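> Next up is a structure, given as structure tokens.
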Amino acid sequence: MSEVVKIATRDAYGKALVELGKLHDNLYVLDADLAAATKTVTFKKEFPERHIDCGIAENNMMGIAAGLSTCGIVPFASSFAMFAAGRSYEQVRNSIGYPQMNVKIGATHAGISVGEDGASHQCNEDIALMREIPGMVVINPSDGIEARAAVFAAYEHQGPVYLRFGRLAIPNFHDENYKFEIGKGEVLRDGKDLTIIATGLCVAETLKAYDMLKEKGVDARIINIHTIKPIDRELVVKAAKETGRIFTVEEHSVIGGLGSAVLEAISEECPVKVTRIGIQDVFGESGPALELIHKYGLDGEGICKTVLEKK
Amino acid sequence: MTFNELEKMAVEVRKGVIEGTFNAKCGHPGGSLSASDIYTYLYFEEMNVDPKDPKNENRDRFVLSKGHTAPGYYSVLANRGFFPVEDLKTLRHTGSYLQGHPDMKHIPGVDMSSGSLGQGLSAAVGMALGAKLNKKDYRVYVLCGDGELEEGQIWEASMFAGHRKLDNLCVIVDNNGLQIDGSIDEVCSPNPIDKKFEAFNFHVIPVDGNSMEDLKRAFDEARATKGKPSLILAKTTKGKGVSYMENSVEWHGKAPNKEEYDIAMEDLRKAGEALCQK
């Protein structure tokens with residue numbers, strides 16, 4: 001058996017930018033003094049003239065990105081999710097969202113998997129914030145391969161895109177031929193008893209849960225929703241109709257994220273019982289990422305346990 | 001245009017401000033009137049723009065960072081030929097493209113959507129940086145309020161502009177001294193404005209912002225300044241040109257009623273007439 005490659009989606013983001021930068025002269029990367037952490041430093045080394053460090057001033061960075069985009073430049077504005085979506089929410093809303101600027105926001109260090117830095121830096125609210133901005137595409141890739149594909153797709157998409165990346169190295173489970181399309185979910189395992197819809201690093205954990213559930217006689221359907229907005233409504237509603245029971249799993253607050261998006265979709269077309277697994281309206285805390293993922297019930301074991309208890 | 005022609009045009013721009021806010025029954029006449037001479041000088045003399053080709057990639061850009069004074073901005077755009085002057089009467093009406101604050105998606109000639117104070121300057125800085133990166137020689141003008149300088153983002157953007165030596169950027173501060181809650185000195189003084197921008201590596205040009213002669217001198221000096229962005233500190237009178245609105249906080253964000261409208265239009269008619277006899 002070949003060894004599973006582990007890579008953080010932020011690393012995939014940095015590498016994809018270099019690849020894309022070679023293809024497109026109008027791609028620029030903006031940072032707010034975090035290039036080493038957002039992994040855009042690889043782009044900075046390759047294309048120093050197309051890397052703009054705005055200093056520790058994320059709000060200004062978003063405005064500069066908006067201004068640059070009016071000049072035919074495609075800016076990837078990078079920072080931690082806490083600052084990109086949190087601090088700069090209103091700049092993103094008014095200077096990028098309202099005029100539908102062709103700006104891409106690369107937000108790394110999302111969720112509790114930030115680890116030891118603790119609650120101040122663990123953004124579990126960014127999907128909620130970005131999802132409600134009209135016209136904003138929100139993508140939360142589940143592994144390095146999907147992250148690379150998402151960056152390419154974001155460049156091609158006309159209009160604002162929010163890309164959510166993690167700090168923690170996670171396994172690549174997609175193969176190199178994976179076809180990514182904005183707004184199209186992916187059925188990873190076809191089951192009939194219930195459906196588990198996951199996003200981001202929780203997708204690989206949900207695949208582990210699938211095997212554990214199988215041993216307990218539960219035949220689960222597993223869906224990867226990388227694009228939270230626009231959500232693949234058809235796929236989600238179909239799962240509700242065919243399996244009658246849905247669980248959602250995300251490294252994000254259960255308020256406003258994937259769970260909410262799924263509820264919104266199915267409650268209008270095929271209401272079934274939904275259990276949202278995620279951060280239960282609390283702030284995070286310091287600790288090694290894997291321990292936190294376990295503690296908050298987002299690893300395979302935790303997901304399996306919740307499904308068995310509540311199915 | 002001669003100074004006299006510019007002054008007459010500024011009167012027309014002011015009439016548009018009164019027309020727009022009167023018909024909207026709301027809006028911001030005070031700061032629109034203080035900046036009317038600046039708008040007029042920019043659009044009729046200084047900037048390289050073409051109403052028939054509003055998206056030309058080589059055009060000069062303007063960002064109204066103090067977006068609430070859109071009535072003045074729309075009036076100058078209409079008078080310059082970007083859209084019919086008659087449409088100013090639809091300001092803020094349901095279904096009108098003349099939104100309460102500048103909307104670049106729907107209003108010809110508007111280069112940036114704005115209205116949330118502090119944000120326009122960053123976008124203008126991005127446009128100026130974009131010109132440098134794309135090796136274009138257009139200039140970027142941005143109008144800020146003096147009260148707006150209380151927003152932290154203004155200083156983030158200024159630090160970046162000074163650091164990057166964006167000499168194609170010209171920031172104008174409409175220094176009318178008044179904000180909603182009172183005088184800027186009472187509320188949270190941004191003074192001394194000149195020294196602050198100098199410290200952020202701007203070339204500062206203090207002028208009378210209601211004088212065409214002064215504005216010409218200032219914009220000429222800004223254009224000739226290399227190696228740093230320029231800051232035109234334009235001392236103005238809020239409500240300028242309408243007797244009862246001048247220097248009155250009350251008229252920051254209030255529309256004239258019919259009686260007040262008539263007085264304002266009569267003030268402006270007389271001002272125009274006086275200029276014709278010069």
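Labels used: A, B, ... for chains in the order of the structure tokens, numbers from 1 for residues in each chain, and numbers from 1 for ligands as shown.
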Counting only C-alpha atoms, collect the residues of chain B whose closest atom lies at most 12 Å from chain A, and write them out as an mmCIF file with C-alpha atoms, in the first residue's frame.

data_model
loop_
_atom_site.group_PDB
_atom_site.id
_atom_site.type_symbol
_atom_site.label_atom_id
_atom_site.label_comp_id
_atom_site.auth_asym_id
_atom_site.auth_seq_id
_atom_site.Cartn_x
_atom_site.Cartn_y
_atom_site.Cartn_z
ATOM 1 C CA LYS B 55 -14.384 52.976 -18.959
ATOM 2 C CA ASN B 56 -11.360 53.928 -21.042
ATOM 3 C CA GLU B 57 -8.432 52.144 -19.401
ATOM 4 C CA ASN B 58 -6.184 55.208 -19.677
ATOM 5 C CA ARG B 59 -8.621 57.620 -18.038
ATOM 6 C CA ASP B 60 -7.859 59.394 -14.805
ATOM 7 C CA ARG B 61 -9.766 57.882 -11.866
ATOM 8 C CA PHE B 62 -11.767 59.536 -9.145
ATOM 9 C CA VAL B 63 -12.910 57.927 -5.914
ATOM 10 C CA SER B 65 -14.241 58.302 -0.318
ATOM 11 C CA GLY B 67 -19.460 58.794 -0.498
ATOM 12 C CA HIS B 101 -24.105 56.401 -2.291
ATOM 13 C CA PRO B 102 -21.922 55.931 -5.401
ATOM 14 C CA ASP B 103 -22.552 52.631 -7.210
ATOM 15 C CA MET B 104 -19.996 51.875 -9.920
ATOM 16 C CA LYS B 105 -22.066 49.013 -11.303
ATOM 17 C CA HIS B 106 -24.891 51.263 -12.438
ATOM 18 C CA ILE B 107 -23.739 54.877 -12.649
ATOM 19 C CA VAL B 110 -18.318 56.288 -11.213
ATOM 20 C CA ASP B 111 -14.986 54.498 -10.779
ATOM 21 C CA MET B 112 -15.571 53.020 -7.320
ATOM 22 C CA SER B 113 -18.541 52.184 -5.147
ATOM 23 C CA SER B 114 -18.194 53.952 -1.832
ATOM 24 C CA GLY B 115 -20.095 55.236 1.134
ATOM 25 C CA SER B 116 -18.583 53.397 4.061
ATOM 26 C CA LEU B 117 -16.113 55.993 5.315
ATOM 27 C CA GLY B 118 -12.423 55.200 5.229
ATOM 28 C CA GLN B 119 -12.616 52.622 2.470
ATOM 29 C CA GLY B 120 -12.420 54.722 -0.691
ATOM 30 C CA LEU B 121 -8.859 55.823 -0.066
ATOM 31 C CA SER B 122 -7.623 52.210 0.015
ATOM 32 C CA ALA B 123 -9.299 51.476 -3.313
ATOM 33 C CA ALA B 124 -7.765 54.622 -4.795
ATOM 34 C CA VAL B 125 -4.367 53.526 -3.528
ATOM 35 C CA GLY B 126 -4.965 50.181 -5.261
ATOM 36 C CA MET B 127 -5.795 51.988 -8.502
ATOM 37 C CA ALA B 128 -2.677 54.146 -8.251
ATOM 38 C CA LEU B 129 -0.557 51.084 -7.530
ATOM 39 C CA GLY B 130 -2.260 49.339 -10.476
ATOM 40 C CA ALA B 131 -1.206 52.191 -12.769
ATOM 41 C CA LYS B 132 2.401 51.821 -11.638
ATOM 42 C CA LEU B 133 2.344 48.030 -12.035
ATOM 43 C CA ASN B 134 0.713 48.228 -15.474
ATOM 44 C CA LYS B 135 3.024 51.104 -16.492
ATOM 45 C CA LYS B 136 0.131 53.464 -17.184
ATOM 46 C CA TYR B 138 -3.127 57.972 -15.511
ATOM 47 C CA VAL B 140 -5.941 58.855 -9.335
ATOM 48 C CA GLU B 151 -11.285 56.303 10.446
ATOM 49 C CA GLY B 152 -8.186 54.185 11.097
ATOM 50 C CA GLN B 153 -8.155 52.739 7.598
ATOM 51 C CA ILE B 154 -7.314 56.200 6.204
ATOM 52 C CA TRP B 155 -3.964 55.992 7.962
ATOM 53 C CA GLU B 156 -3.320 52.414 6.885
ATOM 54 C CA ALA B 157 -3.841 53.523 3.294
ATOM 55 C CA SER B 158 -1.786 56.693 3.737
ATOM 56 C CA MET B 159 1.115 54.786 5.255
ATOM 57 C CA PHE B 160 1.099 52.425 2.262
ATOM 58 C CA ALA B 161 0.802 55.259 -0.296
ATOM 59 C CA HIS B 163 5.783 53.984 1.596
ATOM 60 C CA ARG B 164 5.209 53.113 -2.069
#
> Got a sec: who's within 10 Å of range 185-194 of chain A, counting only C-alpha atoms, leaving out chain neighbours fewer than 4 positions off, as number ranges by chain?
A: 174, 179-181, 199, 203, 207, 210, 214, 217-228, 231-236, 239-240, 242-247, 307, 311
> Just the selected residues (C-alpha atoms), exported as a PDB file, in the first residue's frame, please.

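The resulting out11.pdb:
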ATOM      1  CA  HIS A 174      -8.307  12.663  -4.125  1.00  0.00           C
ATOM      2  CA  LYS A 179     -12.170  17.031 -11.673  1.00  0.00           C
ATOM      3  CA  PHE A 180     -13.241  20.025  -9.628  1.00  0.00           C
ATOM      4  CA  GLU A 181     -16.170  22.239 -10.450  1.00  0.00           C
ATOM      5  CA  THR A 199     -16.461  19.889   4.233  1.00  0.00           C
ATOM      6  CA  VAL A 203     -14.132  15.026   4.836  1.00  0.00           C
ATOM      7  CA  LEU A 207     -14.341   8.684   5.377  1.00  0.00           C
ATOM      8  CA  TYR A 210     -17.700   5.518   7.136  1.00  0.00           C
ATOM      9  CA  LYS A 214     -19.886  -0.024   8.082  1.00  0.00           C
ATOM     10  CA  GLY A 217     -23.880  -2.278   9.994  1.00  0.00           C
ATOM     11  CA  VAL A 218     -24.613   1.334   8.984  1.00  0.00           C
ATOM     12  CA  ASP A 219     -24.535   1.984   5.249  1.00  0.00           C
ATOM     13  CA  ALA A 220     -23.756   5.730   5.033  1.00  0.00           C
ATOM     14  CA  ARG A 221     -23.607   7.940   2.001  1.00  0.00           C
ATOM     15  CA  ILE A 222     -20.681  10.342   2.186  1.00  0.00           C
ATOM     16  CA  ILE A 223     -20.780  13.678   0.366  1.00  0.00           C
ATOM     17  CA  ASN A 224     -17.995  16.218   0.106  1.00  0.00           C
ATOM     18  CA  ILE A 225     -19.295  19.785  -0.197  1.00  0.00           C
ATOM     19  CA  HIS A 226     -16.292  21.921  -1.077  1.00  0.00           C
ATOM     20  CA  THR A 227     -18.384  24.834  -2.327  1.00  0.00           C
ATOM     21  CA  ILE A 228     -20.519  26.042   0.543  1.00  0.00           C
ATOM     22  CA  ILE A 231     -24.243  24.880  -2.489  1.00  0.00           C
ATOM     23  CA  ASP A 232     -25.043  21.851  -4.648  1.00  0.00           C
ATOM     24  CA  ARG A 233     -28.715  21.955  -3.765  1.00  0.00           C
ATOM     25  CA  GLU A 234     -29.689  19.167  -6.107  1.00  0.00           C
ATOM     26  CA  LEU A 235     -27.206  16.694  -4.623  1.00  0.00           C
ATOM     27  CA  VAL A 236     -28.129  17.568  -1.044  1.00  0.00           C
ATOM     28  CA  ALA A 239     -29.564  12.651  -0.459  1.00  0.00           C
ATOM     29  CA  ALA A 240     -32.379  13.815   1.826  1.00  0.00           C
ATOM     30  CA  GLU A 242     -33.101   8.901  -0.799  1.00  0.00           C
ATOM     31  CA  THR A 243     -31.644   8.353   2.676  1.00  0.00           C
ATOM     32  CA  GLY A 244     -34.067  10.334   4.843  1.00  0.00           C
ATOM     33  CA  ARG A 245     -31.478  11.325   7.495  1.00  0.00           C
ATOM     34  CA  ILE A 246     -28.630  13.802   7.297  1.00  0.00           C
ATOM     35  CA  PHE A 247     -25.567  14.649   9.361  1.00  0.00           C
ATOM     36  CA  VAL A 307     -23.959   9.230  14.214  1.00  0.00           C
ATOM     37  CA  LYS A 311     -29.211   8.137  13.982  1.00  0.00           C
TER      38      LYS A 311
END
> Excluding Glu19 in chain A and any residue of its chain fewer than 6 positions from it, enumerate the residues within 12 Å of it, using only C-alpha atoms, and give them as a ChimeraX atom specification.
/A:12-13,25,27,40,42-43,46-47,148-149,151-152,155
> Take the selection from the previous step and output its residues with N, CA and C atoms, as a short mmCIF file (atom, residue, chain, number, x, y, z; two decimals), in the first residue's frame.

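Output contents, as saved in again.cif:
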data_model
loop_
_atom_site.label_atom_id
_atom_site.label_comp_id
_atom_site.auth_asym_id
_atom_site.auth_seq_id
_atom_site.Cartn_x
_atom_site.Cartn_y
_atom_site.Cartn_z
N ALA A 12 -0.78 23.86 -0.38
CA ALA A 12 -1.29 23.66 -1.75
C ALA A 12 -1.65 24.99 -2.38
N TYR A 13 -2.18 25.90 -1.58
CA TYR A 13 -2.52 27.26 -2.04
C TYR A 13 -1.26 27.96 -2.56
N ASP A 25 0.12 36.60 -16.27
CA ASP A 25 0.90 37.76 -15.81
C ASP A 25 0.10 38.71 -14.93
N LEU A 27 -1.82 37.96 -12.47
CA LEU A 27 -2.10 37.44 -11.12
C LEU A 27 -1.09 38.05 -10.14
N THR A 40 2.22 31.92 0.83
CA THR A 40 2.38 32.67 -0.41
C THR A 40 3.85 33.06 -0.58
N THR A 42 6.20 31.26 -1.25
CA THR A 42 6.74 30.55 -2.42
C THR A 42 6.50 31.38 -3.68
N PHE A 43 5.33 32.02 -3.74
CA PHE A 43 5.03 32.91 -4.87
C PHE A 43 5.94 34.14 -4.82
N GLU A 46 9.29 33.41 -6.23
CA GLU A 46 9.27 33.20 -7.68
C GLU A 46 8.97 34.50 -8.43
N PHE A 47 8.03 35.27 -7.91
CA PHE A 47 7.60 36.50 -8.58
C PHE A 47 7.61 37.69 -7.62
N ARG A 148 -5.66 22.87 -4.67
CA ARG A 148 -5.00 23.33 -5.89
C ARG A 148 -6.05 23.59 -6.98
N ALA A 149 -6.95 22.63 -7.14
CA ALA A 149 -7.99 22.77 -8.17
C ALA A 149 -8.88 23.97 -7.88
N VAL A 151 -8.04 26.74 -6.35
CA VAL A 151 -7.33 27.99 -6.65
C VAL A 151 -7.38 28.26 -8.16
N PHE A 152 -7.20 27.22 -8.94
CA PHE A 152 -7.30 27.39 -10.41
C PHE A 152 -8.70 27.82 -10.80
N TYR A 155 -9.43 31.46 -9.98
CA TYR A 155 -8.85 32.40 -10.94
C TYR A 155 -9.75 32.56 -12.15
#
> Please measure the separation of CA of Val242 in chain B and CA of Leu268 in chain B, giving the value in Å to one decimal.
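Going from CA of Val242 in chain B over to CA of Leu268 in chain B covers 6.9 Å.
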> In Å, rounded to a single decimal, give me how far CA of Glu146 in chain A is from CA of Val254 in chain A.
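Separating CA of Val254 in chain A from CA of Glu146 in chain A is a distance of 23.1 Å.
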> Which residues are close to range 158-167 of chain A, i.e. within 9 Å by only C-alpha atoms, leaving aside same-chain residues fewer than 3 positions away? Reply as an MDAnalysis selection string.
chainID A and resid 8:13 37:38 80:81 85 96:97 100:111 113:115 126:127 130:131 135:142 147 150:151 154:155 170 200:201
> Please dump the current selection as a PDB file, in the first residue's frame; keep C-alpha atoms.

ATOM      1  CA  ALA A   8      -1.822  21.404   4.492  1.00  0.00           C
ATOM      2  CA  THR A   9      -4.267  23.113   2.139  1.00  0.00           C
ATOM      3  CA  ARG A  10      -2.370  26.386   2.776  1.00  0.00           C
ATOM      4  CA  ASP A  11       0.728  24.731   1.270  1.00  0.00           C
ATOM      5  CA  ALA A  12      -1.289  23.655  -1.746  1.00  0.00           C
ATOM      6  CA  TYR A  13      -2.523  27.259  -2.045  1.00  0.00           C
ATOM      7  CA  ALA A  37       2.404  31.516   7.266  1.00  0.00           C
ATOM      8  CA  THR A  38      -0.105  31.769   4.398  1.00  0.00           C
ATOM      9  CA  PHE A  80      -5.594  34.335   8.302  1.00  0.00           C
ATOM     10  CA  ALA A  81      -9.331  33.642   8.151  1.00  0.00           C
ATOM     11  CA  ALA A  85     -13.178  37.400   6.968  1.00  0.00           C
ATOM     12  CA  ILE A  96     -15.278  43.840  -2.896  1.00  0.00           C
ATOM     13  CA  GLY A  97     -18.720  42.253  -2.587  1.00  0.00           C
ATOM     14  CA  GLN A 100     -18.574  42.458  -7.393  1.00  0.00           C
ATOM     15  CA  MET A 101     -14.830  42.956  -7.775  1.00  0.00           C
ATOM     16  CA  ASN A 102     -12.773  40.165  -9.286  1.00  0.00           C
ATOM     17  CA  VAL A 103     -10.847  39.635  -6.051  1.00  0.00           C
ATOM     18  CA  LYS A 104      -9.869  36.269  -4.592  1.00  0.00           C
ATOM     19  CA  ILE A 105      -9.447  35.984  -0.850  1.00  0.00           C
ATOM     20  CA  GLY A 106      -7.082  33.265   0.328  1.00  0.00           C
ATOM     21  CA  ALA A 107      -7.866  32.728   3.998  1.00  0.00           C
ATOM     22  CA  THR A 108      -5.580  30.333   5.819  1.00  0.00           C
ATOM     23  CA  HIS A 109      -5.508  29.122   9.432  1.00  0.00           C
ATOM     24  CA  ALA A 110      -9.260  28.570   9.513  1.00  0.00           C
ATOM     25  CA  GLY A 111     -10.918  26.585  12.266  1.00  0.00           C
ATOM     26  CA  SER A 113      -6.879  23.124  13.674  1.00  0.00           C
ATOM     27  CA  VAL A 114      -4.845  26.323  14.057  1.00  0.00           C
ATOM     28  CA  GLY A 115      -4.001  24.567  17.323  1.00  0.00           C
ATOM     29  CA  ASP A 126     -15.748  32.845   8.553  1.00  0.00           C
ATOM     30  CA  ILE A 127     -18.005  30.706   6.374  1.00  0.00           C
ATOM     31  CA  MET A 130     -18.691  35.265   3.809  1.00  0.00           C
ATOM     32  CA  ARG A 131     -21.677  33.149   2.824  1.00  0.00           C
ATOM     33  CA  GLY A 135     -22.391  36.979  -5.138  1.00  0.00           C
ATOM     34  CA  MET A 136     -19.555  35.682  -2.956  1.00  0.00           C
ATOM     35  CA  VAL A 137     -18.389  32.154  -3.805  1.00  0.00           C
ATOM     36  CA  VAL A 138     -17.204  30.259  -0.714  1.00  0.00           C
ATOM     37  CA  ILE A 139     -14.928  27.227  -1.140  1.00  0.00           C
ATOM     38  CA  ASN A 140     -13.543  25.027   1.638  1.00  0.00           C
ATOM     39  CA  PRO A 141     -11.246  22.408   0.104  1.00  0.00           C
ATOM     40  CA  SER A 142     -10.875  18.984   1.719  1.00  0.00           C
ATOM     41  CA  ALA A 147      -7.209  23.040  -2.805  1.00  0.00           C
ATOM     42  CA  ALA A 150     -10.018  25.332  -6.213  1.00  0.00           C
ATOM     43  CA  VAL A 151      -7.326  27.986  -6.654  1.00  0.00           C
ATOM     44  CA  ALA A 154     -11.166  30.695  -8.474  1.00  0.00           C
ATOM     45  CA  TYR A 155      -8.848  32.404 -10.940  1.00  0.00           C
ATOM     46  CA  ILE A 170      -3.967  16.414   6.160  1.00  0.00           C
ATOM     47  CA  GLY A 200     -12.792  20.773   4.593  1.00  0.00           C
ATOM     48  CA  LEU A 201     -10.536  18.596   6.691  1.00  0.00           C
TER      49      LEU A 201
END
> From the DSSP assignment of the backbone, select every residue of range 216-249 of chain B that is alpha helix (DSSP H), and format the answer as a ChimeraX atom specification.
/B:216-224
> Near range 269-278 of chain A, counting only C-alpha atoms, which residues have an atom at most 7 Å away, once you skip same-chain residues fewer than 2 positions from it, shown as a CSV table (one decimal) with C-alpha atoms, in the first residue's frame?

chain,number,residue,atom,x,y,z
A,237,VAL,CA,-31.9,17.3,-1.6
A,240,ALA,CA,-32.4,13.8,1.8
A,241,LYS,CA,-35.0,12.2,-0.4
A,244,GLY,CA,-34.1,10.3,4.8
A,245,ARG,CA,-31.5,11.3,7.5
A,246,ILE,CA,-28.6,13.8,7.3
A,247,PHE,CA,-25.6,14.6,9.4
A,248,THR,CA,-23.3,17.5,8.5
A,249,VAL,CA,-19.7,17.8,9.7
A,250,GLU,CA,-17.5,20.9,9.6
A,251,GLU,CA,-14.6,22.6,11.4
A,252,HIS,CA,-16.7,25.7,11.8
A,253,SER,CA,-19.6,26.9,14.0
A,254,VAL,CA,-22.8,25.0,13.5
A,259,GLY,CA,-24.9,22.7,8.5
A,265,ALA,CA,-31.6,23.7,1.1
A,266,ILE,CA,-33.5,20.7,2.3
A,267,SER,CA,-36.0,22.4,4.6
A,280,GLN,CA,-21.2,24.0,19.1
A,298,LEU,CA,-14.6,16.1,14.6
